[in-house]
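Novice: Sharing input26.txt below, compact mmCIF, C-alpha atoms:
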```
# COMPACT_ATOMS: atom_id res chain seq x y z
CA MET A 7 -6.16 -24.87 -17.82
CA THR A 8 -3.37 -22.35 -17.93
CA TYR A 9 -2.06 -20.44 -14.95
CA MET A 10 -2.50 -16.96 -16.39
CA ALA A 11 -5.56 -14.83 -16.84
CA ASP A 12 -4.41 -12.15 -19.29
CA PRO A 13 -1.66 -11.37 -21.80
CA LYS A 14 1.40 -9.64 -20.40
CA LEU A 15 1.12 -6.63 -22.63
CA THR A 16 -0.12 -3.40 -21.21
CA ASP A 17 -2.49 -1.48 -18.98
CA PRO A 18 -6.13 -2.60 -19.35
CA ASN A 19 -6.98 0.92 -20.49
CA GLU A 20 -4.92 0.30 -23.64
CA LEU A 21 -6.38 -3.09 -24.55
CA ALA A 22 -8.51 -1.71 -27.36
CA SER A 23 -5.45 -0.68 -29.34
CA THR A 24 -3.35 -3.73 -28.56
CA ASP A 25 -6.14 -6.08 -29.63
CA GLU A 26 -5.30 -5.10 -33.19
CA ARG A 27 -1.74 -6.35 -32.71
CA ARG A 28 -2.44 -9.80 -31.28
CA SER A 29 -4.51 -12.85 -32.04
CA ILE A 30 -6.48 -14.75 -29.44
CA ALA A 31 -6.34 -18.54 -29.63
CA SER A 32 -8.99 -20.82 -28.19
CA THR A 33 -8.17 -23.89 -26.13
CA SER A 34 -8.75 -26.10 -29.15
CA ASP A 35 -6.22 -24.36 -31.41
CA SER A 36 -3.54 -23.36 -28.94
CA ALA A 37 -1.14 -25.79 -27.31
CA SER A 38 -1.20 -23.70 -24.13
CA GLY A 39 -4.98 -23.27 -24.09
CA TYR A 40 -4.29 -19.56 -24.02
CA TRP A 41 -3.61 -16.70 -26.39
CA GLU A 42 -0.63 -16.69 -28.74
CA TRP A 43 1.81 -13.91 -29.59
CA SER A 44 1.11 -12.27 -32.93
CA PHE A 45 3.85 -9.61 -32.96
CA SER A 46 7.52 -9.16 -32.21
CA GLY A 47 9.18 -6.15 -30.63
CA GLU A 48 8.18 -3.78 -27.87
CA ALA A 49 4.75 -3.55 -26.28
CA GLU A 50 3.09 -0.16 -25.91
CA ASN A 51 3.90 0.16 -22.21
CA HIS A 52 7.65 -0.25 -22.77
CA HIS A 53 8.17 3.48 -23.26
CA TYR A 54 7.73 4.00 -19.51
CA LEU A 55 8.28 0.47 -18.18
CA VAL A 56 11.73 -0.26 -19.65
CA PRO A 57 13.42 2.89 -18.25
CA GLY A 58 11.90 2.17 -14.84
CA VAL A 59 13.06 -1.45 -14.82
CA LEU A 60 16.59 -0.59 -15.96
CA LYS A 61 16.82 2.12 -13.31
CA ALA A 62 15.64 -0.23 -10.55
CA LEU A 63 17.84 -3.19 -11.50
CA PRO A 64 20.68 -3.46 -8.97
CA ARG A 65 24.12 -3.29 -10.56
CA ASP A 66 26.04 -4.73 -7.60
CA ARG A 67 24.23 -8.07 -7.16
CA GLY A 68 25.62 -10.02 -10.11
CA GLU A 69 24.80 -10.21 -13.79
CA ARG A 70 22.81 -13.45 -14.17
CA VAL A 71 19.12 -12.60 -14.69
CA LEU A 72 16.08 -14.86 -15.10
CA ASP A 73 13.09 -13.15 -16.75
CA ILE A 74 9.93 -15.02 -15.72
CA GLY A 75 7.11 -14.51 -18.20
CA CYS A 76 9.36 -13.08 -20.90
CA GLY A 77 6.70 -13.17 -23.63
CA ASN A 78 8.23 -12.32 -27.00
CA GLY A 79 11.55 -11.45 -25.38
CA ALA A 80 11.63 -7.70 -26.03
CA LEU A 81 12.20 -6.72 -22.39
CA SER A 82 14.71 -9.55 -21.85
CA ALA A 83 16.72 -8.19 -24.76
CA LYS A 84 16.68 -4.66 -23.33
CA ILE A 85 18.01 -5.97 -20.02
CA ALA A 86 20.69 -8.01 -21.81
CA ARG A 87 21.82 -4.96 -23.79
CA SER A 88 22.29 -3.05 -20.54
CA GLY A 89 24.98 -5.50 -19.44
CA PHE A 90 23.27 -8.53 -17.93
CA SER A 91 23.34 -12.19 -18.92
CA VAL A 92 19.64 -12.99 -19.36
CA THR A 93 17.59 -16.17 -19.63
CA GLY A 94 13.89 -15.75 -20.39
CA ILE A 95 11.15 -18.31 -19.73
CA ASP A 96 7.54 -18.29 -20.87
CA PHE A 97 4.80 -20.89 -21.31
CA THR A 98 3.57 -19.71 -24.72
CA PRO A 99 5.31 -21.47 -27.63
CA SER A 100 4.65 -18.50 -29.91
CA GLY A 101 6.32 -16.13 -27.44
CA ILE A 102 9.43 -18.29 -27.13
CA ASP A 103 9.60 -18.81 -30.90
CA ARG A 104 9.41 -15.07 -31.58
CA ALA A 105 11.93 -14.33 -28.83
CA LYS A 106 14.47 -16.78 -30.27
CA GLN A 107 14.01 -15.41 -33.78
CA SER A 108 14.25 -11.76 -32.73
CA TYR A 109 17.01 -12.00 -30.12
CA PRO A 110 19.31 -14.95 -30.90
CA ASP A 111 21.96 -13.72 -28.45
CA VAL A 112 19.62 -14.20 -25.48
CA THR A 113 18.63 -17.60 -24.06
CA PHE A 114 14.90 -18.39 -24.11
CA LEU A 115 13.29 -21.55 -22.77
CA PRO A 116 9.67 -22.77 -22.52
CA HIS A 117 8.40 -23.28 -18.98
CA ASP A 118 5.11 -23.05 -17.09
CA ILE A 119 5.70 -21.33 -13.76
CA THR A 120 3.05 -23.37 -12.00
CA LEU A 121 5.67 -26.13 -12.17
CA PRO A 122 9.00 -26.20 -10.28
CA LEU A 123 12.00 -25.05 -12.25
CA PRO A 124 14.12 -27.76 -13.88
CA GLU A 125 17.44 -28.51 -12.21
CA GLY A 126 19.35 -26.60 -14.87
CA LEU A 127 17.66 -23.33 -13.80
CA ARG A 128 17.89 -23.80 -10.03
CA ASN A 129 20.42 -21.80 -8.00
CA GLN A 130 21.77 -20.28 -11.21
CA PHE A 131 20.75 -16.63 -11.01
CA ASP A 132 21.57 -13.47 -9.09
CA ILE A 133 18.42 -11.54 -10.05
CA VAL A 134 14.92 -12.59 -11.05
CA VAL A 135 12.77 -10.19 -13.06
CA SER A 136 9.06 -10.55 -13.79
CA CYS A 137 7.31 -7.61 -15.41
CA GLU A 138 3.54 -7.20 -15.79
CA VAL A 139 2.94 -10.88 -15.01
CA ILE A 140 1.81 -11.29 -11.41
CA GLU A 141 -1.52 -9.51 -11.97
CA HIS A 142 -2.44 -12.28 -14.42
CA LEU A 143 -1.83 -15.23 -12.11
CA PHE A 144 -4.50 -17.22 -10.31
CA LEU A 145 -1.76 -18.29 -7.87
CA PRO A 146 0.64 -15.35 -7.61
CA ARG A 147 2.75 -16.97 -4.90
CA ASP A 148 3.96 -19.40 -7.57
CA LEU A 149 6.01 -16.53 -8.97
CA PHE A 150 7.82 -16.06 -5.67
CA ALA A 151 8.37 -19.82 -5.35
CA ARG A 152 10.02 -19.97 -8.78
CA ALA A 153 12.16 -16.95 -7.88
CA ARG A 154 13.39 -18.69 -4.72
CA GLU A 155 14.32 -21.77 -6.75
CA ALA A 156 16.21 -19.68 -9.30
CA LEU A 157 18.12 -17.63 -6.72
CA GLY A 158 19.10 -20.35 -4.28
CA ASP A 159 20.47 -18.92 -1.03
CA SER A 160 20.60 -15.23 -1.95
CA GLY A 161 19.58 -12.76 -4.61
CA VAL A 162 17.11 -10.09 -5.64
CA LEU A 163 13.64 -10.17 -7.17
CA LEU A 164 12.22 -7.34 -9.29
CA ILE A 165 8.50 -7.33 -10.08
CA SER A 166 6.44 -4.77 -11.95
CA THR A 167 2.65 -4.68 -11.96
CA PRO A 168 -0.05 -2.07 -12.57
CA PHE A 169 -0.19 0.37 -9.66
CA HIS A 170 -3.27 0.84 -7.53
CA GLY A 171 -3.50 3.38 -4.74
CA TYR A 172 -5.97 5.71 -3.07
CA TRP A 173 -5.77 8.70 -5.44
CA LYS A 174 -5.69 6.59 -8.60
CA ASN A 175 -8.62 4.46 -7.47
CA LEU A 176 -10.53 7.61 -6.50
CA ALA A 177 -9.83 9.23 -9.87
CA ILE A 178 -11.06 6.13 -11.71
CA ALA A 179 -14.22 6.05 -9.60
CA LEU A 180 -14.96 9.76 -9.95
CA THR A 181 -14.60 9.58 -13.73
CA ASN A 182 -16.75 6.44 -13.94
CA GLY A 183 -13.76 4.63 -15.38
CA PHE A 184 -13.87 1.23 -13.70
CA ASP A 185 -15.67 -0.53 -16.57
CA LYS A 186 -12.84 0.45 -18.87
CA HIS A 187 -10.18 -0.17 -16.23
CA TRP A 188 -11.32 -3.67 -15.25
CA TRP A 189 -12.34 -4.45 -18.88
CA PRO A 190 -14.81 -7.25 -18.01
CA LEU A 191 -15.73 -7.76 -21.68
CA SER A 192 -12.24 -9.07 -22.38
CA ASP A 193 -11.54 -12.78 -22.28
CA TYR A 194 -9.08 -13.54 -19.49
CA GLY A 195 -8.31 -10.13 -17.95
CA HIS A 196 -6.22 -8.94 -15.01
CA ILE A 197 -7.37 -10.62 -11.83
CA LYS A 198 -4.98 -9.28 -9.16
CA PHE A 199 -4.84 -5.57 -8.36
CA PHE A 200 -1.97 -4.70 -6.04
CA SER A 201 -1.11 -1.69 -3.94
CA GLU A 202 2.41 -1.19 -2.61
CA ARG A 203 1.28 -2.55 0.74
CA THR A 204 -0.38 -5.71 -0.56
CA LEU A 205 2.51 -6.52 -2.90
CA GLY A 206 5.01 -5.87 -0.11
CA ASN A 207 3.05 -8.09 2.25
CA MET A 208 2.99 -10.92 -0.27
CA ALA A 209 6.73 -10.57 -0.82
CA ARG A 210 7.42 -10.83 2.92
CA ASP A 211 5.01 -13.72 3.28
CA CYS A 212 6.95 -15.54 0.53
CA GLY A 213 10.39 -14.93 2.00
CA PHE A 214 11.47 -11.66 0.36
CA GLN A 215 12.29 -8.38 2.07
CA PRO A 216 11.27 -5.28 0.06
CA LEU A 217 14.15 -2.89 -0.56
CA LEU A 218 12.42 -0.23 -2.65
CA PHE A 219 9.25 0.70 -4.50
CA GLN A 220 9.31 2.77 -7.65
CA ARG A 221 6.51 3.99 -9.92
CA ALA A 222 6.48 4.33 -13.68
CA GLY A 223 4.20 6.07 -16.18
CA ARG A 224 2.18 9.23 -15.47
CA ILE A 225 2.53 11.38 -12.35
CA ARG A 226 3.26 9.48 -9.15
CA PRO A 227 -0.27 9.39 -7.59
CA LEU A 228 -1.74 8.12 -10.88
CA ALA A 229 1.19 5.92 -11.92
CA ALA A 230 0.53 3.26 -14.53
CA SER A 231 2.83 0.66 -12.95
CA MET A 232 4.91 0.12 -9.86
CA ILE A 233 8.17 -1.75 -9.40
CA ILE A 234 9.27 -3.56 -6.29
CA VAL A 235 12.82 -4.75 -5.65
CA ALA A 236 13.02 -7.31 -2.85
CA GLU A 237 15.88 -9.32 -1.39
CA LEU A 238 15.63 -13.01 -0.65
CA ASN A 239 15.36 -13.42 3.12
CA PRO A 240 17.76 -16.16 4.24
CA ASN A 241 15.61 -16.68 7.33
CA GLY A 242 12.58 -17.60 5.26
CA PRO A 243 9.10 -16.06 5.12
CA GLU A 244 8.02 -13.38 7.57
CA SER A 245 4.54 -12.77 8.86
CA ALA A 246 2.92 -10.16 6.64
CA GLU A 247 1.67 -6.86 8.06
CA PRO A 248 -2.06 -7.29 8.72
CA LEU A 249 -4.30 -5.37 6.34
CA ARG A 250 -6.48 -2.68 7.89
```
Starting from the file, lay out its structure as structure tokens.

Specialist:
Amino acid sequence: MTYMADPKLTDPNELASTDERRSIASTSDSASGYWEWSFSGEAENHHYLVPGVLKALPRDRGERVLDIGCGNGALSAKIARSGFSVTGIDFTPSGIDRAKQSYPDVTFLPHDITLPLPEGLRNQFDIVVSCEVIEHLFLPRDLFARAREALGDSGVLLISTPFHGYWKNLAIALTNGFDKHWWPLSDYGHIKFFSERTLGNMARDCGFQPLLFQRAGRIRPLAASMIIVAELNPNGPESAEPLR
């Protein structure tokens, strides 16, 4: 079994259009037991996600970036072109192959984030980025564990994930939109739905101190995605704020 539950492509509301641009592979005909990349270049959410990520990336914390769940490498390349030295990792062979072909100046390596990072990737990075990945993970704390390994004693983690909050959830409910939003007819599918509070609590629980939250896509109360930037806590994990 693979560790992910849905392709790192776009908001569930846009799956109908992106289905035409990808092929789904069954366990028997995919080395990963998961879907395979069928296109190169930007995903449909990059028009709002890329500017938000580039704006949130700290420019005073070093230039070595690890992109966890890099997919076909399009976002990694955008980050590299903005002045960072980027290494991307992903567990899908087709994603890594397309990334290497499309962006030969960026380093891409195959790796499953349910497994510890190899020694060559440990303590080597100043910033870890993971965009539209954590909502697909059965074990989302694995992402924070890999980030800690990559950063070593200090550094910054940037995560983006679809935003969920009171007004957005209410709007979806009032418009009878949850069937489309959750998309239960899709194989795999997003399985984690974070608010700023729950994502911040998980970050603290995993040894990261949130520095900022930022939203991207649509007006703020109905934002498509949110971005958290969190600093590695040298004192280790903190107790998360209890949910009420």

Novice: Could you list, as a list in words, every residue within 12 Å of Leu60 in chain A, counting all atoms listed in the file and ignoring same-chain residues fewer than 5 positions away?

Specialist: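 Non-adjacent residues within range: His52, His53, Tyr54, Leu55, Arg65, Leu81, Ser82, Ala83, Lys84, Ile85, Ala86, Arg87, Ser88, Gly89, Phe90, Val135, Cys137, Leu164, Ser166, Gln220, Ala222, Ile233 and Val235 of chain A.
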
Novice: Between CA of Leu145 in chain A and CA of Gly242 in chain A, what distance in Å does the model show, to one decimal?

Specialist: 19.5 Å

Novice: Which is closest to Glu155 in chain A among A:Ile119, A:Ile140, A:Ile178, A:Leu228, if we use all atoms listed in the file?

Specialist: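 For Glu155 in chain A, the nearest of the given residues is A:Ile119.
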
Novice: Go through A:Pro124, A:Pro216, A:Gly68, A:Gly94 one by one, measure the shortest atom-to-atom distance of each to Ile234 in chain A using only C-alpha atoms, and give the residue with the smallest value.

Specialist: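 Looking only at the distances to Ile234 in chain A, the closest residue turns out to be A:Pro216.
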
Novice: Enter the distance from CA of Pro227 in chain A to CA of Pro168 in chain A, in Å, rounded to one decimal.

Specialist: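 Going from CA of Pro227 in chain A over to CA of Pro168 in chain A, I get 12.5 Å.
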
Novice: So which one's closest to Pro116 in chain A, A:Gly206, A:Pro146, A:Gly77, A:Gly213? Using all atoms listed in the file, please.

Specialist: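 Among the listed residues, the smallest separation from Pro116 in chain A belongs to A:Gly77.
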